[in-house]
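Structure below is protein07.pdb: PDB, C-alpha atoms.
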```pdb
ATOM      1  CA  MET A  18      36.479  15.165 -66.310
ATOM      2  CA  SER A  19      37.750  14.952 -62.752
ATOM      3  CA  GLU A  20      41.127  16.181 -61.564
ATOM      4  CA  PHE A  21      42.165  12.565 -61.080
ATOM      5  CA  LEU A  22      41.631  11.558 -64.689
ATOM      6  CA  ARG A  23      43.088  14.823 -65.999
ATOM      7  CA  ALA A  24      46.353  13.853 -64.288
ATOM      8  CA  TYR A  25      46.307  10.570 -66.209
ATOM      9  CA  LEU A  26      45.520  12.421 -69.441
ATOM     10  CA  THR A  27      49.138  13.625 -69.297
ATOM     11  CA  VAL A  28      50.257   9.972 -69.243
ATOM     12  CA  ALA A  29      48.028   9.148 -72.214
ATOM     13  CA  VAL A  30      49.295  12.143 -74.231
ATOM     14  CA  PHE A  31      52.890  11.206 -73.393
ATOM     15  CA  ALA A  32      52.360   7.575 -74.451
ATOM     16  CA  GLY A  33      50.664   8.715 -77.661
ATOM     17  CA  ALA A  34      53.532  11.093 -78.481
ATOM     18  CA  ALA A  35      56.093   8.331 -77.836
ATOM     19  CA  GLY A  36      54.254   5.911 -80.126
ATOM     20  CA  LEU A  37      53.884   8.564 -82.822
ATOM     21  CA  LEU A  38      57.599   9.394 -82.675
ATOM     22  CA  VAL A  39      58.594   5.741 -83.142
ATOM     23  CA  ALA A  40      56.093   5.316 -85.992
ATOM     24  CA  LEU A  41      57.374   8.502 -87.686
ATOM     25  CA  MET A  42      61.029   7.502 -87.480
ATOM     26  CA  LEU A  43      60.514   3.897 -88.607
ATOM     27  CA  GLY A  44      58.048   5.046 -91.291
ATOM     28  CA  ALA A  45      60.474   7.638 -92.672
ATOM     29  CA  GLY A  46      63.242   5.012 -92.773
ATOM     30  CA  TRP A  47      60.929   2.564 -94.532
ATOM     31  CA  LEU A  48      59.993   5.192 -97.169
ATOM     32  CA  ILE A  49      63.528   6.376 -97.884
ATOM     33  CA  ARG A  50      65.616   3.194 -97.847
ATOM     34  CA  PRO A  51      65.974   0.947-100.898
ATOM     35  CA  SER A  52      64.793  -2.643-100.478
ATOM     36  CA  ARG A  53      66.862  -5.348-102.211
ATOM     37  CA  PRO A  54      66.741  -8.412 -99.949
ATOM     38  CA  THR A  55      69.118 -11.305-100.595
ATOM     39  CA  ALA A  56      69.583 -14.572 -98.735
ATOM     40  CA  GLN A  57      73.010 -13.395 -97.513
ATOM     41  CA  LYS A  58      71.551 -10.243 -95.926
ATOM     42  CA  SER A  59      68.836 -11.998 -93.986
ATOM     43  CA  ILE A  60      70.986 -14.433 -91.977
ATOM     44  CA  ALA A  61      71.428 -13.611 -88.302
ATOM     45  CA  TYR A  62      75.115 -12.625 -88.475
ATOM     46  CA  GLU A  63      75.857 -11.163 -91.858
ATOM     47  CA  SER A  64      79.510 -11.748 -92.856
ATOM     48  CA  GLY A  65      79.891 -13.808 -89.660
ATOM     49  CA  VAL A  66      79.844 -17.478 -88.743
ATOM     50  CA  ASP A  67      77.038 -19.325 -90.553
ATOM     51  CA  PRO A  68      74.311 -20.314 -88.057
ATOM     52  CA  VAL A  69      73.738 -24.052 -87.621
ATOM     53  CA  GLY A  70      70.411 -25.618 -86.637
ATOM     54  CA  PRO A  71      67.317 -23.829 -85.324
ATOM     55  CA  GLY A  72      67.623 -20.717 -83.168
ATOM     56  CA  PHE A  73      65.644 -22.248 -80.336
ATOM     57  CA  GLY A  74      67.179 -24.150 -77.465
ATOM     58  CA  GLN A  75      65.075 -25.580 -74.672
ATOM     59  CA  SER A  76      65.849 -23.694 -71.450
ATOM     60  CA  GLN A  77      66.688 -25.462 -68.225
ATOM     61  CA  VAL A  78      64.258 -25.844 -65.351
ATOM     62  CA  ARG A  79      66.827 -24.179 -63.079
ATOM     63  CA  TYR A  80      65.957 -20.753 -64.524
ATOM     64  CA  TYR A  81      62.292 -21.227 -63.583
ATOM     65  CA  ILE A  82      63.284 -20.672 -59.952
ATOM     66  CA  PHE A  83      64.621 -17.217 -60.762
ATOM     67  CA  ALA A  84      61.256 -16.334 -62.323
ATOM     68  CA  LEU A  85      59.426 -17.713 -59.292
ATOM     69  CA  LEU A  86      61.669 -15.787 -56.879
ATOM     70  CA  PHE A  87      60.833 -12.677 -58.892
ATOM     71  CA  VAL A  88      57.090 -13.337 -58.527
ATOM     72  CA  LEU A  89      57.565 -13.857 -54.792
ATOM     73  CA  PHE A  90      59.251 -10.545 -54.145
ATOM     74  CA  ASP A  91      56.981  -8.779 -56.631
ATOM     75  CA  VAL A  92      54.001  -9.791 -54.488
ATOM     76  CA  GLU A  93      55.892  -8.667 -51.393
ATOM     77  CA  ALA A  94      56.495  -5.238 -52.959
ATOM     78  CA  VAL A  95      52.789  -4.932 -53.834
ATOM     79  CA  PHE A  96      51.844  -5.455 -50.185
ATOM     80  CA  ILE A  97      54.459  -2.946 -49.009
ATOM     81  CA  PHE A  98      52.997  -0.055 -51.065
ATOM     82  CA  PRO A  99      49.654   0.403 -49.209
ATOM     83  CA  TRP A 100      51.422  -0.307 -45.901
ATOM     84  CA  ALA A 101      53.998   2.433 -46.521
ATOM     85  CA  LEU A 102      51.278   4.922 -47.443
ATOM     86  CA  ARG A 103      49.478   4.496 -44.097
ATOM     87  CA  LEU A 104      52.417   3.476 -41.888
ATOM     88  CA  GLU A 105      52.003   6.430 -39.527
ATOM     89  CA  SER A 106      48.500   5.406 -38.526
ATOM     90  CA  TYR A 107      49.410   1.691 -38.081
ATOM     91  CA  GLY A 108      52.383   2.479 -35.843
ATOM     92  CA  LEU A 109      54.305  -0.307 -34.123
ATOM     93  CA  PHE A 110      51.554  -2.859 -34.855
ATOM     94  CA  GLY A 111      51.950  -2.355 -38.599
ATOM     95  CA  LEU A 112      55.731  -2.510 -38.318
ATOM     96  CA  VAL A 113      55.609  -5.864 -36.483
ATOM     97  CA  GLU A 114      53.049  -7.351 -38.889
ATOM     98  CA  MET A 115      55.051  -6.315 -41.958
ATOM     99  CA  GLY A 116      58.222  -7.557 -40.224
ATOM    100  CA  ILE A 117      56.690 -11.034 -39.816
ATOM    101  CA  PHE A 118      55.588 -10.999 -43.469
ATOM    102  CA  ILE A 119      59.028 -10.014 -44.766
ATOM    103  CA  VAL A 120      60.880 -12.457 -42.475
ATOM    104  CA  ILE A 121      58.736 -15.396 -43.625
ATOM    105  CA  LEU A 122      59.450 -14.530 -47.274
ATOM    106  CA  ALA A 123      63.132 -13.977 -46.483
ATOM    107  CA  LEU A 124      63.197 -17.565 -45.153
ATOM    108  CA  GLY A 125      62.448 -18.643 -48.726
ATOM    109  CA  LEU A 126      65.415 -16.660 -49.994
ATOM    110  CA  VAL A 127      67.671 -18.178 -47.294
ATOM    111  CA  TYR A 128      66.423 -21.678 -48.224
ATOM    112  CA  ALA A 129      67.158 -21.031 -51.905
ATOM    113  CA  TRP A 130      70.591 -19.715 -50.991
ATOM    114  CA  ARG A 131      71.447 -22.698 -48.781
ATOM    115  CA  LYS A 132      70.290 -25.126 -51.473
ATOM    116  CA  GLY A 133      72.626 -23.387 -53.910
ATOM    117  CA  VAL A 134      70.000 -22.559 -56.544
ATOM    118  CA  LEU A 135      71.011 -18.881 -56.647
ATOM    119  CA  ARG A 136      74.311 -19.658 -58.365
ATOM    120  CA  TRP A 137      74.171 -18.680 -62.022
ATOM    121  CA  VAL A 138      76.117 -21.512 -63.626
TER     122      VAL A 138
ATOM    123  CA  MET B  16      31.849  11.796 -69.168
ATOM    124  CA  ALA B  17      31.908  11.518 -72.969
ATOM    125  CA  ALA B  18      35.718  11.394 -73.051
ATOM    126  CA  GLN B  19      35.728   8.642 -70.421
ATOM    127  CA  ASN B  20      33.241   6.597 -72.444
ATOM    128  CA  LEU B  21      35.353   7.024 -75.582
ATOM    129  CA  VAL B  22      38.526   5.869 -73.783
ATOM    130  CA  PHE B  23      36.600   2.933 -72.310
ATOM    131  CA  ALA B  24      35.368   1.923 -75.779
ATOM    132  CA  VAL B  25      38.895   2.029 -77.260
ATOM    133  CA  LEU B  26      40.383   0.027 -74.366
ATOM    134  CA  ALA B  27      37.561  -2.517 -74.430
ATOM    135  CA  VAL B  28      37.938  -3.074 -78.188
ATOM    136  CA  VAL B  29      41.727  -3.509 -77.815
ATOM    137  CA  ALA B  30      41.230  -5.968 -74.942
ATOM    138  CA  VAL B  31      38.621  -8.053 -76.790
ATOM    139  CA  LEU B  32      40.569  -8.160 -80.093
ATOM    140  CA  ALA B  33      43.793  -9.120 -78.299
ATOM    141  CA  ALA B  34      41.925 -11.765 -76.289
ATOM    142  CA  LEU B  35      40.580 -13.249 -79.540
ATOM    143  CA  ARG B  36      44.126 -13.359 -80.929
ATOM    144  CA  VAL B  37      45.324 -15.135 -77.772
ATOM    145  CA  VAL B  38      43.105 -18.104 -78.599
ATOM    146  CA  THR B  39      43.356 -17.986 -82.415
ATOM    147  CA  THR B  40      47.090 -17.428 -82.986
ATOM    148  CA  ARG B  41      49.102 -20.486 -83.973
ATOM    149  CA  ASN B  42      52.277 -19.383 -82.151
ATOM    150  CA  VAL B  43      52.252 -19.966 -78.396
ATOM    151  CA  VAL B  44      54.757 -17.175 -77.695
ATOM    152  CA  HIS B  45      52.588 -14.733 -79.673
ATOM    153  CA  ALA B  46      49.627 -15.841 -77.547
ATOM    154  CA  ALA B  47      51.569 -14.926 -74.394
ATOM    155  CA  LEU B  48      52.458 -11.519 -75.862
ATOM    156  CA  TYR B  49      48.829 -10.869 -76.878
ATOM    157  CA  LEU B  50      47.955 -11.688 -73.281
ATOM    158  CA  VAL B  51      50.160  -8.726 -72.284
ATOM    159  CA  ALA B  52      47.966  -6.480 -74.469
ATOM    160  CA  VAL B  53      44.788  -7.864 -72.828
ATOM    161  CA  LEU B  54      46.143  -7.397 -69.299
ATOM    162  CA  GLY B  55      47.481  -3.925 -70.135
ATOM    163  CA  SER B  56      44.085  -2.771 -71.451
ATOM    164  CA  VAL B  57      42.368  -4.119 -68.345
ATOM    165  CA  GLY B  58      44.941  -2.266 -66.210
ATOM    166  CA  ALA B  59      44.113   0.966 -68.051
ATOM    167  CA  LEU B  60      40.420   0.295 -67.359
ATOM    168  CA  TYR B  61      41.276   0.161 -63.644
ATOM    169  CA  VAL B  62      42.845   3.628 -63.916
ATOM    170  CA  LEU B  63      39.647   4.819 -65.585
ATOM    171  CA  LEU B  64      37.767   3.583 -62.490
ATOM    172  CA  ALA B  65      40.219   5.521 -60.244
ATOM    173  CA  ALA B  66      41.648   2.247 -58.896
ATOM    174  CA  GLU B  67      45.303   3.191 -59.298
ATOM    175  CA  PHE B  68      46.626   0.591 -56.876
ATOM    176  CA  LEU B  69      44.870  -2.195 -58.750
ATOM    177  CA  ALA B  70      46.316  -0.879 -62.025
ATOM    178  CA  ALA B  71      49.829  -0.887 -60.534
ATOM    179  CA  VAL B  72      49.288  -4.443 -59.252
ATOM    180  CA  GLN B  73      48.062  -5.478 -62.703
ATOM    181  CA  VAL B  74      51.244  -4.172 -64.336
ATOM    182  CA  LEU B  75      53.646  -5.404 -61.629
ATOM    183  CA  ILE B  76      52.214  -8.864 -60.979
ATOM    184  CA  TYR B  77      50.364  -9.916 -64.115
ATOM    185  CA  ILE B  78      52.365  -8.273 -66.907
ATOM    186  CA  GLY B  79      55.674  -8.249 -65.039
ATOM    187  CA  ALA B  80      55.667 -11.610 -63.324
ATOM    188  CA  ILE B  81      52.892 -13.954 -64.459
ATOM    189  CA  VAL B  82      53.545 -13.540 -68.189
ATOM    190  CA  VAL B  83      57.277 -14.099 -67.512
ATOM    191  CA  LEU B  84      56.325 -17.350 -65.741
ATOM    192  CA  PHE B  85      54.173 -18.306 -68.772
ATOM    193  CA  LEU B  86      57.068 -17.645 -71.152
ATOM    194  CA  PHE B  87      59.431 -19.668 -68.961
ATOM    195  CA  GLY B  88      56.885 -22.487 -68.908
ATOM    196  CA  ILE B  89      56.611 -22.399 -72.722
ATOM    197  CA  MET B  90      60.394 -22.355 -73.141
ATOM    198  CA  LEU B  91      60.752 -25.274 -70.734
ATOM    199  CA  THR B  92      58.115 -27.551 -72.192
ATOM    200  CA  ARG B  93      58.212 -26.954 -75.951
ATOM    201  CA  PRO B  94      60.784 -28.829 -78.024
ATOM    202  CA  THR B  95      60.595 -26.084 -80.692
ATOM    203  CA  LEU B  96      58.934 -22.719 -81.037
ATOM    204  CA  GLY B  97      57.061 -21.289 -83.988
ATOM    205  CA  ARG B  98      53.871 -21.899 -85.917
ATOM    206  CA  GLU B  99      52.096 -25.021 -84.855
ATOM    207  CA  SER B 100      49.270 -26.966 -86.374
ATOM    208  CA  GLY B 101      46.811 -29.138 -84.530
ATOM    209  CA  LEU B 102      46.298 -26.742 -81.634
ATOM    210  CA  ASP B 103      42.529 -27.022 -82.033
ATOM    211  CA  ASN B 104      40.836 -29.352 -79.618
ATOM    212  CA  ASP B 105      38.019 -31.677 -80.693
ATOM    213  CA  GLN B 106      35.857 -30.447 -77.841
ATOM    214  CA  ARG B 107      35.920 -26.765 -78.810
ATOM    215  CA  TRP B 108      32.151 -26.556 -79.389
ATOM    216  CA  LEU B 109      31.545 -27.960 -75.919
ATOM    217  CA  ALA B 110      34.121 -25.496 -74.581
ATOM    218  CA  GLY B 111      32.319 -22.656 -76.386
ATOM    219  CA  ILE B 112      28.993 -23.598 -74.812
ATOM    220  CA  THR B 113      30.644 -23.839 -71.377
ATOM    221  CA  GLY B 114      32.267 -20.421 -71.903
ATOM    222  CA  LEU B 115      28.938 -18.835 -72.888
ATOM    223  CA  PHE B 116      27.272 -20.406 -69.856
ATOM    224  CA  LEU B 117      30.026 -19.106 -67.553
ATOM    225  CA  PHE B 118      29.680 -15.639 -69.114
ATOM    226  CA  GLY B 119      25.945 -15.734 -68.437
ATOM    227  CA  VAL B 120      26.368 -16.813 -64.826
ATOM    228  CA  LEU B 121      29.057 -14.217 -64.100
ATOM    229  CA  SER B 122      27.044 -11.411 -65.745
ATOM    230  CA  TYR B 123      23.958 -12.389 -63.757
ATOM    231  CA  VAL B 124      25.920 -12.471 -60.476
ATOM    232  CA  LEU B 125      27.557  -9.091 -61.212
ATOM    233  CA  VAL B 126      24.274  -7.380 -62.072
ATOM    234  CA  GLU B 127      22.505  -9.013 -59.126
ATOM    235  CA  ALA B 128      25.211  -8.051 -56.613
ATOM    236  CA  PHE B 129      26.366  -4.651 -57.866
ATOM    237  CA  GLY B 130      23.578  -3.548 -60.209
ATOM    238  CA  ASP B 131      22.522  -0.619 -58.006
ATOM    239  CA  GLU B 132      26.031   0.523 -57.052
ATOM    240  CA  ARG B 133      27.197   3.880 -58.364
ATOM    241  CA  LEU B 134      30.818   4.924 -58.910
ATOM    242  CA  PRO B 135      31.874   7.531 -56.322
ATOM    243  CA  ARG B 136      31.990  11.092 -57.614
ATOM    244  CA  LEU B 137      35.636  12.028 -58.042
ATOM    245  CA  GLU B 138      35.073  15.729 -58.712
ATOM    246  CA  GLY B 139      35.889  18.060 -55.852
ATOM    247  CA  LEU B 140      38.203  15.566 -54.114
ATOM    248  CA  ASP B 141      41.813  16.590 -54.111
ATOM    249  CA  ARG B 142      44.475  14.253 -55.436
ATOM    250  CA  GLU B 143      46.124  13.275 -52.121
ATOM    251  CA  ALA B 144      42.847  12.763 -50.273
ATOM    252  CA  LEU B 145      41.684  10.479 -53.090
ATOM    253  CA  THR B 146      44.751   8.229 -52.817
ATOM    254  CA  ALA B 147      44.794   8.200 -49.009
ATOM    255  CA  GLU B 148      41.073   7.709 -48.332
ATOM    256  CA  ARG B 149      39.576   5.969 -51.342
ATOM    257  CA  GLY B 150      42.441   4.310 -53.168
ATOM    258  CA  THR B 151      45.671   2.735 -51.971
ATOM    259  CA  GLY B 152      45.145   3.862 -48.364
ATOM    260  CA  ALA B 153      41.785   2.117 -48.192
ATOM    261  CA  VAL B 154      43.389  -1.095 -49.470
ATOM    262  CA  GLY B 155      46.043  -0.804 -46.757
ATOM    263  CA  ASP B 156      43.397  -0.226 -44.061
ATOM    264  CA  ALA B 157      41.503  -3.332 -45.192
ATOM    265  CA  ILE B 158      44.673  -5.458 -45.199
ATOM    266  CA  PHE B 159      45.711  -4.347 -41.708
ATOM    267  CA  SER B 160      42.286  -4.754 -40.112
ATOM    268  CA  THR B 161      39.820  -7.230 -41.659
ATOM    269  CA  TYR B 162      42.267  -9.237 -43.765
ATOM    270  CA  LEU B 163      45.255  -9.346 -41.417
ATOM    271  CA  VAL B 164      45.338 -13.137 -41.061
ATOM    272  CA  PRO B 165      44.959 -13.836 -44.816
ATOM    273  CA  PHE B 166      47.754 -11.302 -45.382
ATOM    274  CA  GLU B 167      50.128 -13.255 -43.145
ATOM    275  CA  VAL B 168      48.957 -16.576 -44.621
ATOM    276  CA  VAL B 169      49.870 -15.289 -48.113
ATOM    277  CA  SER B 170      53.528 -15.150 -47.073
ATOM    278  CA  VAL B 171      53.418 -18.812 -45.965
ATOM    279  CA  LEU B 172      51.701 -19.768 -49.254
ATOM    280  CA  LEU B 173      54.402 -17.992 -51.288
ATOM    281  CA  LEU B 174      57.096 -19.683 -49.199
ATOM    282  CA  ALA B 175      55.497 -23.089 -49.864
ATOM    283  CA  ALA B 176      55.404 -22.351 -53.621
ATOM    284  CA  LEU B 177      59.099 -21.453 -53.630
ATOM    285  CA  VAL B 178      60.179 -24.473 -51.576
ATOM    286  CA  GLY B 179      58.071 -26.741 -53.805
ATOM    287  CA  ALA B 180      59.639 -25.315 -56.979
ATOM    288  CA  ILE B 181      63.160 -25.745 -55.567
ATOM    289  CA  VAL B 182      62.478 -29.343 -54.536
ATOM    290  CA  LEU B 183      61.042 -30.151 -57.992
ATOM    291  CA  ALA B 184      63.708 -28.369 -60.008
ATOM    292  CA  ARG B 185      66.821 -29.491 -58.163
ATOM    293  CA  ARG B 186      68.518 -32.709 -59.112
ATOM    294  CA  GLU B 187      69.484 -34.534 -55.941
TER     295      GLU B 187
END
```

Could you render the structure as C-alpha cells?
Amino acid sequence: MSEFLRAYLTVAVFAGAAGLLVALMLGAGWLIRPSRPTAQKSIAYESGVDPVGPGFGQSQVRYYIFALLFVLFDVEAVFIFPWALRLESYGLFGLVEMGIFIVILALGLVYAWRKGVLRWV
Amino acid sequence: MAAQNLVFAVLAVVAVLAALRVVTTRNVVHAALYLVAVLGSVGALYVLLAAEFLAAVQVLIYIGAIVVLFLFGIMLTRPTLGRESGLDNDQRWLAGITGLFLFGVLSYVLVEAFGDERLPRLEGLDREALTAERGTGAVGDAIFSTYLVPFEVVSVLLLAALVGAIVLARRE
C-alpha cells in the first residue's frame, strides 16, 4: 500500500470508530430500556399542543434561489482550490483570470441583492 | 494491492445496492438520500484512485449542492411526501433494454479508449509532490492553460442559471 493510501487509512479507521461508537451507544440503550409504546407517547409533542393535519407543507419557490446561490458559490470554491495551490507559478495572469471569474459570479449576487430575493421573509 | 481490491469491492457493492434502492424505493425523499450513498461511495472510489480533488468535488458539489437542489425540487413540486404507489412506468422494459444498450456502448468505449492505460505507481512519491504534480496541481495547470476559455465561460453559464432562476421565481 502506498503512502498516499495509508494516509487515507487513518480516515477510514476514524470513520469506522465513529460508526461503531454510535452503534454501541444506541444498541446499549435499545437493550436496556423498556419498550411500552402508547399512542400518547408517539405524537410529535408529547404533553404539548395536539398536531393538526399532515406534517408536510409545500415549500415556496423563493427558497430554491438560496439553494441555487449555494450551488453557484460551491462551484466557485471548487475552482479556487487548484488555483490557490499553484498560484505562485501562475502569477499576475492567474490573479487576473480568477478576478474576472469571481467578478462575473459576484454580478449574480449583486443582481439577486438588487432584485430583493436575498431577504428572508 | 489486496487491501485496495477489498476496499474497492466493498465500495462497489454499497454503490450498486444503494443505486438499486434509488430506483426501487417508493419514497422520493428516500431515493434522494440513497443517491447520497451512491455518490459518497463513488467519491471514495476516487480517493482509491488517488484523485483527491475529484473526491472533494464529488462531496462538495454532488452531495452538498446537487442533492440539496433535488430535495428542494421534491419539496416544491410534491403536494405530499411519503410512500407513493404508481411510480412504475409502463415503458420500464423498454427503459431496461435502453439502459443495457447504453451500458454496453459505454463499456465498449471505455475499454477501447483506455484499455491499455495503467494507473501511475504511487509508491516512492512523497505526499506533497503527489498533490502538486499529479493531483490538484495538475487540474489547476490544465484549467489555466488548455481550458482557460471554458473556465471563464463557466462563470457566465452559472450567472445565466442564477438570473434565469430569479426571473422564474420572482412574482412581478

Residues of chain A within 6 Å of chain B: nearest atom pair and distance (Å, one decimal) for each, counting only C-alpha atoms, sorted by chain and number, as CSV?
```
residue,atom,partner,partner_atom,distance
A:Ser19,CA,B:Glu138,CA,4.9
A:Gln75,CA,B:Leu91,CA,5.9
A:Ser76,CA,B:Leu91,CA,5.4
A:Val78,CA,B:Ala184,CA,5.9
A:Val88,CA,B:Ala80,CA,5.3
A:Pro99,CA,B:Gly155,CA,4.5
A:Trp100,CA,B:Gly155,CA,5.5
A:Phe118,CA,B:Ser170,CA,5.9
A:Leu122,CA,B:Ser170,CA,6.0
A:Gly125,CA,B:Leu174,CA,5.5
```

Would you mind telling me which residue in B:Leu60, B:Val82, B:Val124, B:Leu109 lies nearest to B:Asn20 when using all atoms listed in the file?
-> B:Leu60

Given the file shown, determine the residues that the PyMOL selection byres ((chain B and resi 30) around 8) selects; report them as a ChimeraX atom specification.
-> /B:26-29,31-34,52-54,56-57

Choose the residue, out of A:Ile117, A:Val39, A:Ile82, A:Ala45, that has the smallest atom-to-atom separation from A:Leu135; count only C-alpha atoms.
->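 Smallest separation from A:Leu135 among the options: A:Ile82.
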